[in-house]
file model07.cif (mmCIF, C-alpha atoms)
data_run
loop_
_atom_site.group_PDB
_atom_site.id
_atom_site.type_symbol
_atom_site.label_atom_id
_atom_site.label_comp_id
_atom_site.auth_asym_id
_atom_site.auth_seq_id
_atom_site.Cartn_x
_atom_site.Cartn_y
_atom_site.Cartn_z
ATOM 1 C CA MET A 1 -0.249 -5.493 -14.177
ATOM 2 C CA GLU A 2 2.268 -2.825 -13.304
ATOM 3 C CA HIS A 3 2.256 0.721 -14.564
ATOM 4 C CA GLU A 4 4.895 3.368 -15.106
ATOM 5 C CA HIS A 5 2.755 6.198 -13.776
ATOM 6 C CA ILE A 6 -0.767 7.598 -13.742
ATOM 7 C CA THR A 7 -1.462 11.166 -14.830
ATOM 8 C CA VAL A 8 -4.242 13.077 -13.094
ATOM 9 C CA PHE A 9 -5.304 16.115 -15.093
ATOM 10 C CA VAL A 10 -6.401 19.120 -13.036
ATOM 11 C CA ARG A 11 -7.629 22.533 -14.100
ATOM 12 C CA ASP A 12 -5.704 24.531 -11.476
ATOM 13 C CA TYR A 13 -2.177 23.434 -10.614
ATOM 14 C CA ASP A 14 -1.806 25.999 -7.807
ATOM 15 C CA ALA A 15 -4.911 24.745 -5.962
ATOM 16 C CA SER A 16 -4.389 21.054 -6.723
ATOM 17 C CA ARG A 17 -0.710 20.691 -5.770
ATOM 18 C CA PRO A 18 -1.179 21.294 -2.018
ATOM 19 C CA PHE A 19 -4.435 19.299 -2.039
ATOM 20 C CA TYR A 20 -2.754 16.223 -3.515
ATOM 21 C CA GLU A 21 0.260 16.662 -1.277
ATOM 22 C CA GLU A 22 -2.051 16.412 1.761
ATOM 23 C CA VAL A 23 -4.379 13.621 0.644
ATOM 24 C CA LEU A 24 -1.715 11.305 -0.782
ATOM 25 C CA ALA A 25 0.455 11.387 2.361
ATOM 26 C CA PRO A 26 -1.678 8.824 4.272
ATOM 27 C CA LEU A 27 -1.120 6.425 1.360
ATOM 28 C CA GLY A 28 2.658 6.822 1.581
ATOM 29 C CA LEU A 29 2.972 9.014 -1.532
ATOM 30 C CA VAL A 30 5.073 12.165 -1.240
ATOM 31 C CA LYS A 31 6.008 14.982 -3.589
ATOM 32 C CA LEU A 32 9.140 13.874 -5.460
ATOM 33 C CA LEU A 33 9.365 16.664 -8.044
ATOM 34 C CA ASP A 34 7.555 19.969 -8.346
ATOM 35 C CA TRP A 35 7.809 21.565 -11.796
ATOM 36 C CA PRO A 36 5.791 24.802 -11.543
ATOM 37 C CA ASP A 37 7.012 26.205 -14.889
ATOM 38 C CA ASN A 38 5.346 23.232 -16.629
ATOM 39 C CA ARG A 39 2.375 23.199 -14.206
ATOM 40 C CA ARG A 40 2.997 19.654 -12.921
ATOM 41 C CA VAL A 41 4.034 17.835 -9.769
ATOM 42 C CA TYR A 42 5.138 14.211 -9.432
ATOM 43 C CA PHE A 43 4.336 11.964 -6.440
ATOM 44 C CA GLY A 44 5.617 8.559 -5.413
ATOM 45 C CA ARG A 45 7.067 6.546 -2.584
ATOM 46 C CA PRO A 46 10.410 7.789 -1.205
ATOM 47 C CA GLY A 47 13.326 6.146 -3.010
ATOM 48 C CA GLU A 48 11.147 4.951 -5.914
ATOM 49 C CA PRO A 49 10.269 6.505 -9.294
ATOM 50 C CA SER A 50 7.267 8.811 -9.416
ATOM 51 C CA SER A 51 4.004 6.949 -9.939
ATOM 52 C CA LEU A 52 1.314 9.643 -9.895
ATOM 53 C CA TRP A 53 1.639 12.849 -11.871
ATOM 54 C CA VAL A 54 -0.660 15.829 -11.323
ATOM 55 C CA VAL A 55 -0.677 17.971 -14.475
ATOM 56 C CA GLU A 56 -2.651 21.113 -15.292
ATOM 57 C CA SER A 57 -4.849 20.554 -18.354
ATOM 58 C CA GLU A 58 -8.254 21.378 -19.770
ATOM 59 C CA LEU A 59 -8.954 17.623 -19.461
ATOM 60 C CA GLY A 60 -9.295 17.880 -15.660
ATOM 61 C CA GLY A 61 -12.080 15.922 -13.992
ATOM 62 C CA ARG A 62 -12.233 12.841 -16.209
ATOM 63 C CA LEU A 63 -10.242 10.272 -14.237
ATOM 64 C CA ALA A 64 -11.128 7.548 -11.777
ATOM 65 C CA VAL A 65 -8.185 5.914 -10.002
ATOM 66 C CA THR A 66 -7.924 3.425 -7.150
ATOM 67 C CA LEU A 67 -4.853 3.566 -4.932
ATOM 68 C CA PRO A 68 -3.711 0.874 -2.481
ATOM 69 C CA ALA A 69 -3.625 1.597 1.250
ATOM 70 C CA ALA A 70 -1.328 -0.178 3.718
ATOM 71 C CA ASN A 71 -4.153 -0.766 6.197
ATOM 72 C CA GLU A 72 -7.682 0.351 7.099
ATOM 73 C CA GLY A 73 -6.263 3.183 9.205
ATOM 74 C CA ALA A 74 -4.638 4.634 6.077
ATOM 75 C CA VAL A 75 -8.007 4.451 4.291
ATOM 76 C CA HIS A 76 -9.656 6.413 7.120
ATOM 77 C CA SER A 77 -6.798 8.919 7.229
ATOM 78 C CA PHE A 78 -6.977 9.415 3.445
ATOM 79 C CA HIS A 79 -10.730 10.059 3.628
ATOM 80 C CA ASN A 80 -10.577 12.425 6.600
ATOM 81 C CA THR A 81 -7.605 14.337 5.190
ATOM 82 C CA ALA A 82 -9.285 14.684 1.803
ATOM 83 C CA ILE A 83 -12.544 15.984 3.284
ATOM 84 C CA ALA A 84 -10.652 18.465 5.481
ATOM 85 C CA ALA A 85 -8.761 19.653 2.378
ATOM 86 C CA GLY A 86 -11.996 20.323 0.483
ATOM 87 C CA ALA A 87 -12.768 17.071 -1.328
ATOM 88 C CA ARG A 88 -16.294 15.751 -1.681
ATOM 89 C CA SER A 89 -17.102 12.317 -0.258
ATOM 90 C CA VAL A 90 -18.691 9.942 -2.772
ATOM 91 C CA GLU A 91 -18.422 6.645 -0.910
ATOM 92 C CA GLU A 92 -18.163 6.590 2.857
ATOM 93 C CA GLN A 93 -15.465 4.586 4.573
ATOM 94 C CA ALA A 94 -16.660 0.986 4.603
ATOM 95 C CA GLY A 95 -14.964 -2.368 4.341
ATOM 96 C CA GLY A 96 -11.475 -0.926 3.823
ATOM 97 C CA ARG A 97 -12.385 1.439 0.993
ATOM 98 C CA THR A 98 -13.454 5.030 0.413
ATOM 99 C CA ARG A 99 -13.933 7.283 -2.612
ATOM 100 C CA ILE A 100 -13.658 11.078 -2.875
ATOM 101 C CA LEU A 101 -13.788 13.663 -5.659
ATOM 102 C CA ASP A 102 -11.092 16.310 -6.019
ATOM 103 C CA PHE A 103 -11.844 19.945 -6.980
ATOM 104 C CA ASP A 104 -12.187 18.991 -10.653
ATOM 105 C CA GLY A 105 -14.324 15.885 -10.179
ATOM 106 C CA ASN A 106 -11.526 13.308 -10.516
ATOM 107 C CA SER A 107 -12.492 10.225 -8.497
ATOM 108 C CA LEU A 108 -9.859 8.954 -6.057
ATOM 109 C CA GLU A 109 -10.468 5.720 -4.194
ATOM 110 C CA ALA A 110 -8.292 4.276 -1.421
ATOM 111 C CA VAL A 111 -8.571 0.532 -0.818
ATOM 112 C CA PHE A 112 -7.089 -1.839 1.733
ATOM 113 C CA SER A 113 -7.277 -5.551 0.967
ATOM 114 C CA ALA A 114 -6.194 -7.947 3.713
ATOM 115 C CA GLU A 115 -5.728 -10.665 1.077
ATOM 116 C CA ASP A 116 -3.411 -8.482 -1.002
ATOM 117 C CA ALA A 117 -1.487 -7.427 2.097
ATOM 118 C CA ALA A 118 -1.004 -11.088 3.119
ATOM 119 C CA ALA A 119 0.218 -11.989 -0.362
ATOM 120 C CA LEU A 120 2.853 -9.249 -0.206
ATOM 121 C CA ARG A 121 4.275 -10.343 3.164
ATOM 122 C CA PRO A 122 7.471 -12.397 2.961
ATOM 123 C CA ALA A 123 6.995 -16.099 3.704
ATOM 124 C CA ALA A 124 8.177 -17.303 7.118
ATOM 125 C CA ALA A 125 11.506 -19.119 6.998
#
call {"tool": "encode", "arguments": {"input": "model07.cif", "output": "structure tokens"}}
result
Amino acid sequence: MEHEHITVFVRDYDASRPFYEEVLAPLGLVKLLDWPDNRRVYFGRPGEPSSLWVVESELGGRLAVTLPAANEGAVHSFHNTAIAAGARSVEEQAGGRTRILDFDGNSLEAVFSAEDAAALRPAAA
């Protein structure tokens, strides 16, 4: 199943924008569009459409999302970066996965799956 984008609602755009910019970087997601007048910022992989939107809303804190990591090192980097940026650890780094809570209580999980990574590699010619 593919998706167009995921929207993460946050209560404070000004605090959340730099937080998400830091913690998503280890997963290869960068800020593609910052729209401060509308209190939203869009993240994605360079050269691709935005896939994760951070939007200020009273609905902040009600989302759980799992994001793919390229390898276990990216999982560890995501976790350590998130904790340093003020996130709360919910699930320690184990078996290629970790879960943190942002300032609003949104749950963000980073997961590396060796099986998924192998399936995405091009077949040898």
call {"tool": "residues_around", "arguments": {"input": "model07.cif", "residues": "Asn71 (chain A)", "least_positions_apart": "6", "cutoff": "9 Å", "atoms": "only C-alpha atoms", "output": "PDB file with C-alpha atoms, keeping the file's coordinate frame"}}
result
ATOM      1  CA  GLY A  96     -11.475  -0.926   3.823  1.00  0.00           C
ATOM      2  CA  VAL A 111      -8.571   0.532  -0.818  1.00  0.00           C
ATOM      3  CA  PHE A 112      -7.089  -1.839   1.733  1.00  0.00           C
ATOM      4  CA  SER A 113      -7.277  -5.551   0.967  1.00  0.00           C
ATOM      5  CA  ALA A 114      -6.194  -7.947   3.713  1.00  0.00           C
ATOM      6  CA  ALA A 117      -1.487  -7.427   2.097  1.00  0.00           C
TER       7      ALA A 117
END
call {"tool": "atom_distance", "arguments": {"input": "model07.cif", "atom1": "CA of His5 (chain A)", "atom2": "CA of Leu27 (chain A)"}}
result
15.6 Å
call {"tool": "resolve_selection", "arguments": {"input": "model07.cif", "expression": "the PyMOL selection byres ((chain A and resi 82) around 12)", "output": "VMD selection string"}}
result
chain A and resid 16 18 to 27 74 to 81 83 to 90 98 to 103 107 to 110
call {"tool": "write_last_selection", "arguments": {"input": "model07.cif", "atoms": "C-alpha atoms", "output": "PDB file, in the frame of the given file"}}
result
ATOM      1  CA  SER A  16      -4.389  21.054  -6.723  1.00  0.00           C
ATOM      2  CA  PRO A  18      -1.179  21.294  -2.018  1.00  0.00           C
ATOM      3  CA  PHE A  19      -4.435  19.299  -2.039  1.00  0.00           C
ATOM      4  CA  TYR A  20      -2.754  16.223  -3.515  1.00  0.00           C
ATOM      5  CA  GLU A  21       0.260  16.662  -1.277  1.00  0.00           C
ATOM      6  CA  GLU A  22      -2.051  16.412   1.761  1.00  0.00           C
ATOM      7  CA  VAL A  23      -4.379  13.621   0.644  1.00  0.00           C
ATOM      8  CA  LEU A  24      -1.715  11.305  -0.782  1.00  0.00           C
ATOM      9  CA  ALA A  25       0.455  11.387   2.361  1.00  0.00           C
ATOM     10  CA  PRO A  26      -1.678   8.824   4.272  1.00  0.00           C
ATOM     11  CA  LEU A  27      -1.120   6.425   1.360  1.00  0.00           C
ATOM     12  CA  ALA A  74      -4.638   4.634   6.077  1.00  0.00           C
ATOM     13  CA  VAL A  75      -8.007   4.451   4.291  1.00  0.00           C
ATOM     14  CA  HIS A  76      -9.656   6.413   7.120  1.00  0.00           C
ATOM     15  CA  SER A  77      -6.798   8.919   7.229  1.00  0.00           C
ATOM     16  CA  PHE A  78      -6.977   9.415   3.445  1.00  0.00           C
ATOM     17  CA  HIS A  79     -10.730  10.059   3.628  1.00  0.00           C
ATOM     18  CA  ASN A  80     -10.577  12.425   6.600  1.00  0.00           C
ATOM     19  CA  THR A  81      -7.605  14.337   5.190  1.00  0.00           C
ATOM     20  CA  ILE A  83     -12.544  15.984   3.284  1.00  0.00           C
ATOM     21  CA  ALA A  84     -10.652  18.465   5.481  1.00  0.00           C
ATOM     22  CA  ALA A  85      -8.761  19.653   2.378  1.00  0.00           C
ATOM     23  CA  GLY A  86     -11.996  20.323   0.483  1.00  0.00           C
ATOM     24  CA  ALA A  87     -12.768  17.071  -1.328  1.00  0.00           C
ATOM     25  CA  ARG A  88     -16.294  15.751  -1.681  1.00  0.00           C
ATOM     26  CA  SER A  89     -17.102  12.317  -0.258  1.00  0.00           C
ATOM     27  CA  VAL A  90     -18.691   9.942  -2.772  1.00  0.00           C
ATOM     28  CA  THR A  98     -13.454   5.030   0.413  1.00  0.00           C
ATOM     29  CA  ARG A  99     -13.933   7.283  -2.612  1.00  0.00           C
ATOM     30  CA  ILE A 100     -13.658  11.078  -2.875  1.00  0.00           C
ATOM     31  CA  LEU A 101     -13.788  13.663  -5.659  1.00  0.00           C
ATOM     32  CA  ASP A 102     -11.092  16.310  -6.019  1.00  0.00           C
ATOM     33  CA  PHE A 103     -11.844  19.945  -6.980  1.00  0.00           C
ATOM     34  CA  SER A 107     -12.492  10.225  -8.497  1.00  0.00           C
ATOM     35  CA  LEU A 108      -9.859   8.954  -6.057  1.00  0.00           C
ATOM     36  CA  GLU A 109     -10.468   5.720  -4.194  1.00  0.00           C
ATOM     37  CA  ALA A 110      -8.292   4.276  -1.421  1.00  0.00           C
TER      38      ALA A 110
END
call {"tool": "closest_residue", "arguments": {"input": "model07.cif", "among": "A:Gly28, A:Val10, A:Asp37, A:Tyr42", "to": "Glu58 (chain A)", "atoms": "all atoms listed in the file"}}
result
A:Val10
call {"tool": "atom_distance", "arguments": {"input": "model07.cif", "atom1": "CA of Ile6 (chain A)", "atom2": "CA of Ala69 (chain A)"}}
result
16.4 Å
call {"tool": "resolve_selection", "arguments": {"input": "model07.cif", "expression": "the PyMOL selection byres ((chain A and resi 49-52) around 8)", "output": "PDB file with C-alpha atoms, in the frame of the given file"}}
result
ATOM      1  CA  HIS A   3       2.256   0.721 -14.564  1.00  0.00           C
ATOM      2  CA  GLU A   4       4.895   3.368 -15.106  1.00  0.00           C
ATOM      3  CA  HIS A   5       2.755   6.198 -13.776  1.00  0.00           C
ATOM      4  CA  ILE A   6      -0.767   7.598 -13.742  1.00  0.00           C
ATOM      5  CA  THR A   7      -1.462  11.166 -14.830  1.00  0.00           C
ATOM      6  CA  VAL A   8      -4.242  13.077 -13.094  1.00  0.00           C
ATOM      7  CA  LEU A  32       9.140  13.874  -5.460  1.00  0.00           C
ATOM      8  CA  TYR A  42       5.138  14.211  -9.432  1.00  0.00           C
ATOM      9  CA  PHE A  43       4.336  11.964  -6.440  1.00  0.00           C
ATOM     10  CA  GLY A  44       5.617   8.559  -5.413  1.00  0.00           C
ATOM     11  CA  ARG A  45       7.067   6.546  -2.584  1.00  0.00           C
ATOM     12  CA  GLY A  47      13.326   6.146  -3.010  1.00  0.00           C
ATOM     13  CA  GLU A  48      11.147   4.951  -5.914  1.00  0.00           C
ATOM     14  CA  TRP A  53       1.639  12.849 -11.871  1.00  0.00           C
ATOM     15  CA  VAL A  54      -0.660  15.829 -11.323  1.00  0.00           C
TER      16      VAL A  54
END
call {"tool": "atom_distance", "arguments": {"input": "model07.cif", "atom1": "CA of Thr66 (chain A)", "atom2": "CA of Trp35 (chain A)"}}
result
24.5 Å
call {"tool": "axis_aligned_box", "arguments": {"input": "model07.cif", "around": "region 93-102 of chain A", "padding_each_side": "3 Å", "output": "AutoDock Vina command-line options"}}
result
--center_x -13.9 --center_y 7.0 --center_z -0.7 --size_x 11.6 --size_y 24.7 --size_z 16.6
call {"tool": "resolve_selection", "arguments": {"input": "model07.cif", "expression": "the PyMOL selection byres ((chain A and resi 14) around 9)", "output": "PDB file with C-alpha atoms, keeping the file's coordinate frame"}}
result
ATOM      1  CA  ASP A  12      -5.704  24.531 -11.476  1.00  0.00           C
ATOM      2  CA  TYR A  13      -2.177  23.434 -10.614  1.00  0.00           C
ATOM      3  CA  ALA A  15      -4.911  24.745  -5.962  1.00  0.00           C
ATOM      4  CA  SER A  16      -4.389  21.054  -6.723  1.00  0.00           C
ATOM      5  CA  ARG A  17      -0.710  20.691  -5.770  1.00  0.00           C
ATOM      6  CA  PRO A  18      -1.179  21.294  -2.018  1.00  0.00           C
ATOM      7  CA  PRO A  36       5.791  24.802 -11.543  1.00  0.00           C
ATOM      8  CA  ARG A  39       2.375  23.199 -14.206  1.00  0.00           C
ATOM      9  CA  GLU A  56      -2.651  21.113 -15.292  1.00  0.00           C
TER      10      GLU A  56
END
call {"tool": "closest_residue", "arguments": {"input": "model07.cif", "among": "A:Glu115, A:Asp104, A:Asp34, A:Glu92", "to": "Gly61 (chain A)", "atoms": "only C-alpha atoms"}}
result
A:Asp104
call {"tool": "closest_residue", "arguments": {"input": "model07.cif", "among": "A:Pro68, A:Val41, A:Gly73, A:Gly105", "to": "Val55 (chain A)", "atoms": "only C-alpha atoms"}}
result
A:Val41
call {"tool": "build_atoms", "arguments": {"input": "model07.cif", "residues": "region 11-22 of chain A", "atoms": "N, CA and C atoms", "output": "tab-separated table (two decimals), in the frame of the given file"}}
result
chain	number	residue	atom	x	y	z
A	11	ARG	N	-7.47	21.24	-13.43
A	11	ARG	CA	-7.63	22.53	-14.10
A	11	ARG	C	-6.79	23.64	-13.47
A	12	ASP	N	-6.44	23.49	-12.18
A	12	ASP	CA	-5.70	24.53	-11.48
A	12	ASP	C	-4.56	23.91	-10.69
A	13	TYR	N	-3.38	24.00	-11.24
A	13	TYR	CA	-2.18	23.43	-10.61
A	13	TYR	C	-1.95	24.02	-9.22
A	14	ASP	N	-2.10	25.33	-9.08
A	14	ASP	CA	-1.81	26.00	-7.81
A	14	ASP	C	-2.72	25.53	-6.68
A	15	ALA	N	-3.98	25.24	-6.98
A	15	ALA	CA	-4.91	24.74	-5.96
A	15	ALA	C	-4.74	23.25	-5.75
A	16	SER	N	-4.45	22.51	-6.80
A	16	SER	CA	-4.39	21.05	-6.72
A	16	SER	C	-3.11	20.52	-6.10
A	17	ARG	N	-1.99	21.18	-6.31
A	17	ARG	CA	-0.71	20.69	-5.77
A	17	ARG	C	-0.76	20.50	-4.26
A	18	PRO	N	-1.14	21.53	-3.48
A	18	PRO	CA	-1.18	21.29	-2.02
A	18	PRO	C	-2.27	20.30	-1.60
A	19	PHE	N	-3.38	20.27	-2.33
A	19	PHE	CA	-4.43	19.30	-2.04
A	19	PHE	C	-3.90	17.88	-2.17
A	20	TYR	N	-3.27	17.58	-3.29
A	20	TYR	CA	-2.75	16.22	-3.52
A	20	TYR	C	-1.62	15.90	-2.55
A	21	GLU	N	-0.82	16.89	-2.23
A	21	GLU	CA	0.26	16.66	-1.28
A	21	GLU	C	-0.31	16.20	0.07
A	22	GLU	N	-1.40	16.80	0.50
A	22	GLU	CA	-2.05	16.41	1.76
A	22	GLU	C	-2.72	15.05	1.69
